[in-house]
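*Asks:* This one is final.csv, CSV, C-alpha atoms.
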```csv
chain,number,residue,atom,x,y,z
K,30,MET,CA,21.4,23.1,-12.0
K,31,ASN,CA,23.1,20.5,-9.7
K,32,THR,CA,21.7,19.9,-6.2
K,33,THR,CA,25.1,21.3,-5.0
K,34,ILE,CA,25.6,24.9,-5.9
K,35,ASN,CA,29.0,25.3,-7.5
K,36,ILE,CA,30.6,28.6,-6.8
K,37,GLY,CA,33.3,30.6,-8.5
K,38,ILE,CA,35.0,33.7,-7.0
K,39,LEU,CA,36.2,36.4,-9.2
K,40,GLY,CA,38.9,38.4,-7.4
K,41,LEU,CA,40.6,37.1,-4.3
K,42,GLY,CA,41.5,40.2,-2.4
K,43,TYR,CA,40.1,41.1,1.0
K,44,MET,CA,36.5,40.8,-0.1
K,45,GLY,CA,37.0,37.8,-2.2
K,46,THR,CA,38.6,35.9,0.6
K,47,THR,CA,35.8,37.1,2.9
K,48,HIS,CA,33.3,35.5,0.5
K,49,LEU,CA,35.4,32.4,0.2
K,50,ARG,CA,35.4,31.8,4.0
K,51,ALA,CA,31.7,32.5,4.2
K,52,TYR,CA,30.9,29.9,1.5
K,53,GLN,CA,33.2,27.4,3.3
K,54,LEU,CA,31.5,28.0,6.6
K,55,ALA,CA,28.1,27.7,5.0
K,56,ALA,CA,29.1,24.3,3.6
K,57,CYS,CA,30.2,23.2,7.0
K,58,ALA,CA,26.8,24.3,8.4
K,59,GLY,CA,25.1,22.0,5.9
K,60,PHE,CA,24.4,24.3,2.9
K,61,SER,CA,24.7,22.4,-0.4
K,62,CYS,CA,27.5,24.5,-1.9
K,63,LYS,CA,31.1,24.1,-3.0
K,64,VAL,CA,33.7,26.6,-4.2
K,65,VAL,CA,35.0,25.0,-7.4
K,66,ALA,CA,36.9,27.8,-9.1
K,67,VAL,CA,38.6,31.1,-8.5
K,68,CYS,CA,39.9,33.8,-10.8
K,69,ASP,CA,42.8,36.2,-10.0
K,70,ALA,CA,45.8,37.6,-11.7
K,71,ASP,CA,48.0,36.6,-8.7
K,72,ALA,CA,49.5,33.1,-9.0
K,73,ASP,CA,49.6,32.6,-5.2
K,74,ARG,CA,46.0,33.4,-4.8
K,75,ARG,CA,45.0,31.0,-7.5
K,76,GLN,CA,46.8,28.3,-5.4
K,77,GLY,CA,44.7,29.3,-2.4
K,78,ILE,CA,47.6,31.3,-0.7
K,79,VAL,CA,46.3,34.7,0.4
K,80,GLU,CA,47.7,37.5,2.5
K,81,ARG,CA,46.0,38.6,5.7
K,82,VAL,CA,44.7,42.1,4.8
K,83,GLY,CA,41.7,43.8,6.2
K,84,GLY,CA,40.8,47.3,7.2
K,85,ASN,CA,44.0,49.1,8.3
K,86,ILE,CA,45.8,45.9,9.1
K,87,SER,CA,48.3,44.2,6.8
K,88,ASP,CA,51.0,41.8,7.7
K,89,ALA,CA,53.3,39.3,6.0
K,90,VAL,CA,51.4,36.2,7.2
K,91,LYS,CA,49.7,34.2,4.5
K,92,ASP,CA,47.0,31.5,4.8
K,93,GLN,CA,46.2,28.5,2.7
K,94,LEU,CA,42.5,28.7,2.1
K,95,PHE,CA,42.0,25.8,-0.2
K,96,HIS,CA,43.9,23.0,-1.9
K,97,PRO,CA,44.6,23.9,-5.5
K,98,ALA,CA,43.9,20.3,-6.6
K,99,GLN,CA,40.3,20.8,-5.5
K,100,VAL,CA,39.6,24.3,-6.8
K,101,LYS,CA,40.4,25.4,-10.4
K,102,GLY,CA,42.4,28.6,-10.7
K,103,TYR,CA,41.9,30.9,-13.6
K,104,ALA,CA,44.1,33.8,-14.6
K,105,ASP,CA,41.6,35.5,-16.9
K,106,ALA,CA,37.9,36.2,-16.6
K,107,ASP,CA,37.0,34.9,-20.1
K,108,SER,CA,38.1,31.3,-19.3
K,109,PHE,CA,36.6,31.5,-15.8
K,110,LEU,CA,33.2,32.7,-17.0
K,111,ALA,CA,33.2,30.0,-19.8
K,112,ASP,CA,33.4,27.3,-17.2
K,113,PRO,CA,30.1,25.5,-17.4
K,114,SER,CA,30.5,23.9,-13.9
K,115,ILE,CA,30.0,27.2,-12.1
K,116,ASP,CA,26.5,28.0,-11.0
K,117,LEU,CA,27.1,31.1,-8.9
K,118,VAL,CA,29.8,33.8,-9.3
K,119,SER,CA,30.9,36.1,-6.5
K,120,ILE,CA,32.3,39.3,-8.1
K,121,CYS,CA,34.8,40.9,-5.8
K,122,THR,CA,36.8,43.1,-8.2
K,123,GLN,CA,37.2,46.8,-8.3
K,124,THR,CA,34.1,48.9,-9.0
K,125,GLU,CA,34.8,49.9,-12.6
K,126,THR,CA,34.7,46.3,-13.6
K,127,HIS,CA,31.4,45.3,-12.0
K,128,VAL,CA,28.9,46.1,-14.8
K,129,ASP,CA,30.9,44.4,-17.5
K,130,LEU,CA,31.8,41.3,-15.5
K,131,ALA,CA,28.2,40.9,-14.0
K,132,THR,CA,26.8,41.3,-17.5
K,133,ARG,CA,29.0,38.6,-18.9
K,134,ALA,CA,28.4,36.3,-16.0
K,135,LEU,CA,24.6,36.7,-16.3
K,136,ASN,CA,24.7,36.1,-20.0
K,137,SER,CA,26.7,32.9,-19.5
K,138,GLY,CA,23.8,31.6,-17.3
K,139,LYS,CA,25.3,32.1,-13.9
K,140,HIS,CA,23.7,33.7,-10.8
K,141,VAL,CA,25.8,36.6,-9.4
K,142,LEU,CA,26.6,38.0,-6.0
K,143,LEU,CA,28.0,41.5,-6.8
K,144,GLU,CA,30.0,43.4,-4.3
K,145,LYS,CA,29.0,47.0,-3.5
K,146,PRO,CA,28.9,49.5,-4.9
K,147,VAL,CA,27.4,47.9,-8.0
K,148,ALA,CA,28.5,51.0,-10.0
K,149,LEU,CA,29.2,54.6,-9.4
K,150,THR,CA,26.1,55.9,-11.1
K,151,SER,CA,22.4,54.9,-11.0
K,152,ALA,CA,22.4,54.8,-14.8
K,153,ASP,CA,25.0,52.0,-14.8
K,154,VAL,CA,23.3,50.1,-12.1
K,155,ARG,CA,20.1,50.2,-14.2
K,156,LYS,CA,22.0,48.7,-17.1
K,157,VAL,CA,23.1,45.6,-15.3
K,158,ALA,CA,19.6,45.4,-13.6
K,159,ALA,CA,18.1,45.2,-17.1
K,160,VAL,CA,20.5,42.4,-18.0
K,161,ALA,CA,19.6,40.4,-14.9
K,162,GLU,CA,15.9,40.7,-15.6
K,163,ALA,CA,16.4,39.5,-19.2
K,164,SER,CA,18.7,36.6,-18.1
K,165,GLY,CA,16.3,35.1,-15.6
K,166,ARG,CA,19.2,34.7,-13.2
K,167,ILE,CA,19.6,36.1,-9.7
K,168,LEU,CA,21.8,39.2,-9.4
K,169,MET,CA,22.1,40.1,-5.7
K,170,PRO,CA,24.0,43.2,-4.6
K,171,ALA,CA,26.1,42.5,-1.5
K,172,MET,CA,24.4,44.9,0.8
K,173,CYS,CA,25.8,43.1,3.9
K,174,MET,CA,24.4,45.6,6.5
K,175,ARG,CA,20.9,44.4,5.7
K,176,PHE,CA,22.0,41.0,7.1
K,177,TRP,CA,24.3,42.1,9.9
K,178,PRO,CA,22.7,40.6,13.1
K,179,ALA,CA,22.5,43.8,15.1
K,180,TRP,CA,21.1,45.7,12.1
K,181,SER,CA,18.6,42.9,11.4
K,182,TRP,CA,17.5,43.1,15.1
K,183,LEU,CA,17.1,46.8,14.7
K,184,LYS,CA,15.0,46.5,11.5
K,185,SER,CA,12.8,44.0,13.3
K,186,GLN,CA,12.1,46.4,16.2
K,187,ILE,CA,11.3,49.2,13.8
K,188,ASP,CA,8.9,47.0,11.8
K,189,THR,CA,7.2,45.4,14.8
K,190,GLU,CA,7.2,48.5,17.0
K,191,ALA,CA,8.1,46.3,19.9
K,192,PHE,CA,9.3,49.3,21.9
K,193,GLY,CA,6.9,51.8,20.2
K,194,LYS,CA,7.5,53.8,17.1
K,195,CYS,CA,11.1,54.7,16.1
K,196,LEU,CA,11.6,58.4,16.9
K,197,SER,CA,15.1,58.8,15.7
K,198,LEU,CA,18.0,56.9,14.2
K,199,SER,CA,21.6,58.0,13.9
K,200,LEU,CA,24.2,55.8,12.1
K,201,GLN,CA,28.0,56.3,12.1
K,202,ARG,CA,30.7,54.5,10.0
K,203,LEU,CA,34.2,55.9,10.1
K,204,SER,CA,37.7,54.6,9.5
K,205,GLY,CA,41.2,55.8,8.7
K,206,SER,CA,41.9,56.6,5.1
K,207,PRO,CA,42.7,53.4,3.2
K,208,THR,CA,46.4,52.4,3.4
K,209,TRP,CA,46.0,49.7,0.7
K,210,SER,CA,45.1,49.9,-3.0
K,211,HIS,CA,46.1,53.6,-3.0
K,212,GLU,CA,45.8,54.0,-6.8
K,213,PHE,CA,42.2,52.8,-6.7
K,214,TYR,CA,40.9,54.5,-3.5
K,215,ASN,CA,42.6,57.8,-4.2
K,216,ASP,CA,40.9,58.1,-7.6
K,217,PRO,CA,37.3,59.2,-7.1
K,218,LEU,CA,36.5,58.3,-10.8
K,219,ARG,CA,37.2,54.7,-9.8
K,220,SER,CA,36.2,54.3,-6.1
K,221,GLY,CA,33.7,57.2,-5.9
K,222,GLY,CA,35.3,58.2,-2.6
K,223,ALA,CA,34.1,57.3,0.9
K,224,ILE,CA,30.6,58.6,0.3
K,225,ILE,CA,30.0,55.8,-2.3
K,226,ASP,CA,32.5,53.2,-1.1
K,227,MET,CA,31.7,53.3,2.6
K,228,HIS,CA,28.7,55.6,3.5
K,229,ILE,CA,26.6,53.6,1.0
K,230,HIS,CA,26.0,50.9,3.7
K,231,ASP,CA,24.1,53.4,6.0
K,232,SER,CA,22.3,55.2,3.2
K,233,ASP,CA,21.1,51.8,2.0
K,234,PHE,CA,20.1,50.7,5.5
K,235,VAL,CA,18.1,53.9,6.0
K,236,ARG,CA,16.1,53.1,2.8
K,237,PHE,CA,15.7,49.5,4.0
K,238,CYS,CA,14.1,50.7,7.3
K,239,PHE,CA,12.0,53.6,6.1
K,240,GLY,CA,11.9,53.6,2.3
K,241,ASN,CA,13.0,56.5,0.1
K,242,PRO,CA,13.2,59.8,2.0
K,243,GLN,CA,11.5,62.8,0.5
K,244,SER,CA,14.7,64.8,0.5
K,245,VAL,CA,18.2,64.9,1.9
K,246,SER,CA,20.4,67.6,3.4
K,247,SER,CA,24.1,66.7,3.4
K,248,ILE,CA,27.3,68.4,4.4
K,249,GLY,CA,30.8,67.1,3.8
K,250,TYR,CA,34.5,67.5,3.1
K,251,LYS,CA,35.9,67.0,-0.3
K,252,THR,CA,39.4,65.9,-1.1
K,253,GLY,CA,39.9,67.0,-4.7
K,254,GLU,CA,36.8,65.7,-6.4
K,255,ALA,CA,36.0,63.0,-3.8
K,256,ILE,CA,33.6,63.4,-0.8
K,257,ASN,CA,35.4,61.5,1.8
K,258,HIS,CA,33.5,62.6,4.9
K,259,VAL,CA,29.8,63.2,4.9
K,260,THR,CA,26.9,63.7,7.3
K,261,THR,CA,23.3,63.4,5.9
K,262,ARG,CA,19.9,64.1,7.3
K,263,TYR,CA,17.1,62.1,5.7
K,264,HIS,CA,13.7,63.9,5.6
K,265,TYR,CA,10.6,61.8,6.2
K,266,PRO,CA,7.4,63.9,6.6
K,267,SER,CA,5.5,60.9,8.1
K,268,GLY,CA,8.4,59.0,9.6
K,269,PRO,CA,11.0,59.6,12.3
K,270,ARG,CA,11.8,63.3,12.8
K,271,MET,CA,15.5,62.7,12.9
K,272,VAL,CA,17.4,60.2,10.7
K,273,THR,CA,21.1,60.9,10.2
K,274,ALA,CA,24.2,59.1,9.0
K,275,GLU,CA,27.8,60.1,9.1
K,276,GLY,CA,30.5,58.2,7.1
K,277,GLY,CA,34.0,58.8,5.9
K,278,TRP,CA,37.7,58.2,5.9
K,279,LEU,CA,39.6,60.2,8.5
K,280,SER,CA,43.3,60.4,9.2
K,281,ALA,CA,45.3,57.2,8.5
K,282,GLY,CA,45.4,55.1,11.6
K,283,PHE,CA,42.0,56.1,12.9
K,284,GLY,CA,40.3,53.0,14.1
K,285,PHE,CA,37.2,51.6,12.5
K,286,ARG,CA,34.0,52.8,14.1
K,287,MET,CA,30.5,51.4,13.4
K,288,ARG,CA,27.6,52.5,15.5
K,289,PHE,CA,24.0,53.2,15.7
K,290,ILE,CA,21.7,54.8,18.2
K,291,ALA,CA,17.9,54.2,17.7
K,292,ARG,CA,15.4,56.0,20.0
K,293,PHE,CA,12.0,54.4,20.3
K,294,GLU,CA,9.0,55.6,22.3
K,295,HIS,CA,9.8,53.2,25.2
K,296,ALA,CA,13.5,52.3,24.8
K,297,THR,CA,16.8,53.3,23.2
K,298,ALA,CA,19.0,50.8,21.4
K,299,ASP,CA,22.8,51.5,21.1
K,300,PHE,CA,25.3,49.5,19.1
K,301,ASP,CA,29.1,50.1,19.1
K,302,ILE,CA,31.4,47.6,17.5
K,303,GLY,CA,34.3,48.7,19.7
K,304,ARG,CA,32.5,48.0,23.0
K,305,THR,CA,31.6,45.0,25.1
K,306,PRO,CA,28.7,44.3,25.0
K,307,GLN,CA,28.3,45.7,21.6
K,308,MET,CA,24.5,46.1,21.8
K,309,VAL,CA,22.8,47.8,24.8
K,310,LEU,CA,19.1,48.4,25.3
K,311,SER,CA,18.1,51.2,27.8
K,312,ARG,CA,14.5,51.2,29.2
K,313,ASP,CA,12.6,51.6,32.4
K,314,GLY,CA,15.6,53.3,34.1
K,315,SER,CA,18.2,50.6,33.4
K,316,ALA,CA,20.4,49.3,30.6
K,317,GLU,CA,21.1,45.7,29.6
K,318,GLY,CA,23.2,44.0,27.0
K,319,VAL,CA,21.4,42.3,24.1
K,320,HIS,CA,22.8,39.1,22.6
K,321,VAL,CA,23.1,39.0,18.9
K,322,ASP,CA,24.0,36.2,16.5
K,323,PRO,CA,27.9,36.0,16.2
K,324,LEU,CA,27.8,35.3,12.5
K,325,SER,CA,28.7,38.3,10.3
K,326,GLY,CA,26.5,40.0,7.7
K,327,TYR,CA,28.6,38.4,5.0
K,328,ASP,CA,27.7,34.9,6.3
K,329,HIS,CA,24.0,35.7,6.5
K,330,GLU,CA,23.9,37.4,3.0
K,331,ILE,CA,25.6,34.4,1.4
K,332,ARG,CA,23.3,31.9,3.1
K,333,HIS,CA,20.3,33.9,2.1
K,334,LEU,CA,21.4,33.9,-1.5
K,335,LEU,CA,22.1,30.1,-1.5
K,336,ASP,CA,18.6,29.5,-0.2
K,337,ALA,CA,17.2,31.8,-2.9
K,338,ILE,CA,19.0,29.9,-5.6
K,339,ALA,CA,17.8,26.6,-4.1
K,340,GLY,CA,14.2,28.0,-4.2
K,341,LYS,CA,13.8,28.2,-0.5
K,342,LYS,CA,13.2,32.0,-0.2
K,343,SER,CA,13.1,35.1,-2.4
K,344,VAL,CA,15.9,37.7,-2.6
K,345,SER,CA,13.6,40.5,-1.5
K,346,ILE,CA,15.9,41.5,1.4
K,347,ALA,CA,18.5,42.8,-1.1
K,348,SER,CA,17.5,43.1,-4.8
K,349,ILE,CA,19.2,44.9,-7.7
K,350,SER,CA,16.3,47.4,-7.7
K,351,ASP,CA,17.4,48.3,-4.2
K,352,ALA,CA,20.9,49.0,-5.6
K,353,VAL,CA,19.4,51.3,-8.2
K,354,ALA,CA,17.4,53.3,-5.6
K,355,THR,CA,20.4,53.5,-3.2
K,356,ALA,CA,22.6,54.8,-6.0
K,357,ARG,CA,20.0,57.5,-6.8
K,358,LEU,CA,19.9,58.4,-3.1
K,359,LEU,CA,23.7,58.8,-3.0
K,360,GLU,CA,23.5,61.0,-6.1
K,361,ALA,CA,21.1,63.3,-4.2
K,362,GLU,CA,23.5,63.4,-1.3
K,363,VAL,CA,26.4,64.4,-3.5
K,364,GLU,CA,24.3,67.1,-5.1
K,365,SER,CA,23.4,68.4,-1.6
K,366,VAL,CA,27.0,68.6,-0.6
K,367,ASP,CA,28.0,70.3,-3.8
K,368,THR,CA,25.2,72.9,-3.8
K,369,GLY,CA,24.6,73.4,0.0
K,370,ARG,CA,20.9,72.8,-0.6
K,371,THR,CA,18.3,70.3,0.4
K,372,VAL,CA,17.8,68.0,-2.5
K,373,GLY,CA,14.7,66.0,-3.4
K,374,VAL,CA,15.1,62.2,-3.9
K,375,ALA,CA,13.7,60.8,-7.1
K,376,GLY,CA,12.0,57.4,-7.2
K,377,VAL,CA,13.5,54.4,-8.9
```
Would you give me this structure, written as structure tokens?

*Replies:*
Amino acid sequence: MNTTINIGILGLGYMGTTHLRAYQLAACAGFSCKVVAVCDADADRRQGIVERVGGNISDAVKDQLFHPAQVKGYADADSFLADPSIDLVSICTQTETHVDLATRALNSGKHVLLEKPVALTSADVRKVAAVAEASGRILMPAMCMRFWPAWSWLKSQIDTEAFGKCLSLSLQRLSGSPTWSHEFYNDPLRSGGAIIDMHIHDSDFVRFCFGNPQSVSSIGYKTGEAINHVTTRYHYPSGPRMVTAEGGWLSAGFGFRMRFIARFEHATADFDIGRTPQMVLSRDGSAEGVHVDPLSGYDHEIRHLLDAIAGKKSVSIASISDAVATARLLEAEVESVDTGRTVGVAGV
């Protein structure tokens, strides 16, 4: 492979443009990478012209993210994946396309950063994991919360026990129901509903911190066949006594909420994305703000992957085997909601 990692981005919607900006910022920071190709059915996007869409915000303003003379634009995935100049593919398409596109990219000799969820079932995640193992290429699921600075800080405190053992952790991730891509998000057979599309971040982070729980107890609201609001307790016989996560889509217009409260033996850490300062540490009768890296988890996950491809570090922070285990954990949560029972969590 060339010293410079050549990148292709498949799908230039909100997540695709988020990846694009992160690669561009990484290049400016000295990482040897360059976006050389994009693939999207929309002609404007192939020219680098993208709309500003994110969360519950959409407007008519468009940005020019790259010069079309410097980045090849493909209308179809076949031609894009056949481009021998691409070393790494970011797949930012809708979930039902992930396994097929990742399989084709790996088989064409490319490394892959695959947006979450990898697939709706653990069986399908296993399929693409097997392809990755056989290919010898890196397939990294985009588990961005493992790289989010405040969450990385939290993981470090849990591991080092700097404030004593972690006694409890509660996570919350809520937003208004999606007002974009209605056909996709309103079809649980395609999106999996909020439990898989959104709550997955916190289920995965719980595993990242404490490993697989012995069992889960989940309650939630279903919209048709979709679980779009869920609260889960993760049972750890030898770990923290109380680990919970709430996630879901609420009424349209409800603002995005991302929060955790972690109680340690000698301190309590509290993060709230809608507050300044976002991170507060309470101990010894007082509270103080905690500075965290201003870069996003998207930036850090992409830089981690670039270093892994360059041979500077492993991808152990987020591996495809993690995606298999998290998918299995979510299946246990769905079963718990459906049956009203505590459900054991199978291993990978």

*Asks:* Near K:Arg370, within 9 Å and counting only C-alpha atoms, which residues show up once chain neighbours fewer than 2 positions away are dropped, as a list in words?

*Replies:*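 The contact residues come out as Val245, Ser246, Ser247, Glu364, Ser365, Val366, Asp367, Thr368 and Val372 of chain K.
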
*Asks:* Residues of stretch 90-188 of chain K that have any atom at most 9 Å from an atom of stretch 219-240 of chain K: could you tabulate them with the shortest-distance atom pair and the distance in Å to one decimal, using only C-alpha atoms, ordered by chain and increasing number, as a Markdown table?

*Replies:*
```
| residue | atom | partner | partner_atom | distance |
| --- | --- | --- | --- | --- |
| K:Gln123 | CA | K:Ser220 | CA | 7.9 |
| K:Thr124 | CA | K:Ser220 | CA | 6.5 |
| K:Glu125 | CA | K:Arg219 | CA | 6.1 |
| K:Lys145 | CA | K:Asp226 | CA | 7.5 |
| K:Pro146 | CA | K:Asp226 | CA | 6.4 |
| K:Leu149 | CA | K:Gly221 | CA | 6.3 |
| K:Met172 | CA | K:His230 | CA | 6.9 |
| K:Cys173 | CA | K:His230 | CA | 7.8 |
| K:Met174 | CA | K:His230 | CA | 6.2 |
| K:Arg175 | CA | K:Phe234 | CA | 6.4 |
| K:Trp180 | CA | K:Phe234 | CA | 8.3 |
| K:Leu183 | CA | K:Cys238 | CA | 8.9 |
| K:Lys184 | CA | K:Cys238 | CA | 6.0 |
| K:Ile187 | CA | K:Cys238 | CA | 7.2 |
| K:Asp188 | CA | K:Cys238 | CA | 7.8 |
```

*Asks:* Can you spit out the residues from that selection as a PDB file, keeping the file's coordinate frame, using C-alpha atoms?

*Replies:*
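For reference, again_26.pdb as written:
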```pdb
ATOM      1  CA  GLN K 123      37.200  46.800  -8.300  1.00  0.00           C
ATOM      2  CA  THR K 124      34.100  48.900  -9.000  1.00  0.00           C
ATOM      3  CA  GLU K 125      34.800  49.900 -12.600  1.00  0.00           C
ATOM      4  CA  LYS K 145      29.000  47.000  -3.500  1.00  0.00           C
ATOM      5  CA  PRO K 146      28.900  49.500  -4.900  1.00  0.00           C
ATOM      6  CA  LEU K 149      29.200  54.600  -9.400  1.00  0.00           C
ATOM      7  CA  MET K 172      24.400  44.900   0.800  1.00  0.00           C
ATOM      8  CA  CYS K 173      25.800  43.100   3.900  1.00  0.00           C
ATOM      9  CA  MET K 174      24.400  45.600   6.500  1.00  0.00           C
ATOM     10  CA  ARG K 175      20.900  44.400   5.700  1.00  0.00           C
ATOM     11  CA  TRP K 180      21.100  45.700  12.100  1.00  0.00           C
ATOM     12  CA  LEU K 183      17.100  46.800  14.700  1.00  0.00           C
ATOM     13  CA  LYS K 184      15.000  46.500  11.500  1.00  0.00           C
ATOM     14  CA  ILE K 187      11.300  49.200  13.800  1.00  0.00           C
ATOM     15  CA  ASP K 188       8.900  47.000  11.800  1.00  0.00           C
TER      16      ASP K 188
END
```

*Asks:* My list of candidates is K:Leu142, K:Cys62, K:Ala158, K:Leu49. Which is closest to K:Thr32 when distances are computed with all atoms listed in the file?

*Replies:*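 Result for the nearest residue to K:Thr32: K:Cys62.
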
*Asks:* Name all residues at most 6 Å from K:Asp299 (count all atoms listed in the file; drop same-chain ones fewer than 4 positions away) and give them as a list of chain:residue names.

*Replies:*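 Listed by chain and then number, they are K:Phe289, K:Ile290, K:Met308, K:Val309.
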
*Asks:* Can you measure atom CA of K:Gln93 to atom CA of K:Met169 for me? One decimal in Å is fine.

*Replies:*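 That distance, rounded to one decimal, is 28.0 Å.
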
*Asks:* Report, in Å to a single decimal, how far apart atom CA of K:Ile349 and atom CA of K:Glu254 are.

*Replies:*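 Taking atom CA of K:Glu254 and atom CA of K:Ile349, their separation equals 27.3 Å.
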
*Asks:* Identify, on the basis of only C-alpha atoms, every residue whose closest approach to stretch 40-46 of chain K does not exceed 7 Å; exclude the query and any residue fewer than 3 positions from it along the same chain; express the result as number ranges by chain.

*Replies:* K: 49-50, 68-69, 74, 82-83, 120-122

*Asks:* Extract, using all atoms listed in the file, all DNA, RNA and protein residues at most 9 Å from stretch 159-163 of chain K, discarding same-chain residues fewer than 2 positions from it, and format them as a PyMOL selection string.

*Replies:* chain K and resi 131-132+135-136+140+154-157+165-168+349

*Asks:* Take the residues just selected and output them with C-alpha atoms as a CSV table (one decimal), in the frame of the given file.

*Replies:*
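That gives us part19.csv:
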```csv
chain,number,residue,atom,x,y,z
K,131,ALA,CA,28.2,40.9,-14.0
K,132,THR,CA,26.8,41.3,-17.5
K,135,LEU,CA,24.6,36.7,-16.3
K,136,ASN,CA,24.7,36.1,-20.0
K,140,HIS,CA,23.7,33.7,-10.8
K,154,VAL,CA,23.3,50.1,-12.1
K,155,ARG,CA,20.1,50.2,-14.2
K,156,LYS,CA,22.0,48.7,-17.1
K,157,VAL,CA,23.1,45.6,-15.3
K,165,GLY,CA,16.3,35.1,-15.6
K,166,ARG,CA,19.2,34.7,-13.2
K,167,ILE,CA,19.6,36.1,-9.7
K,168,LEU,CA,21.8,39.2,-9.4
K,349,ILE,CA,19.2,44.9,-7.7
```

*Asks:* Please, what distance in Å, to one decimal, runs between atom CA of K:Pro266 and atom CA of K:Ala347?

*Replies:* 25.1 Å
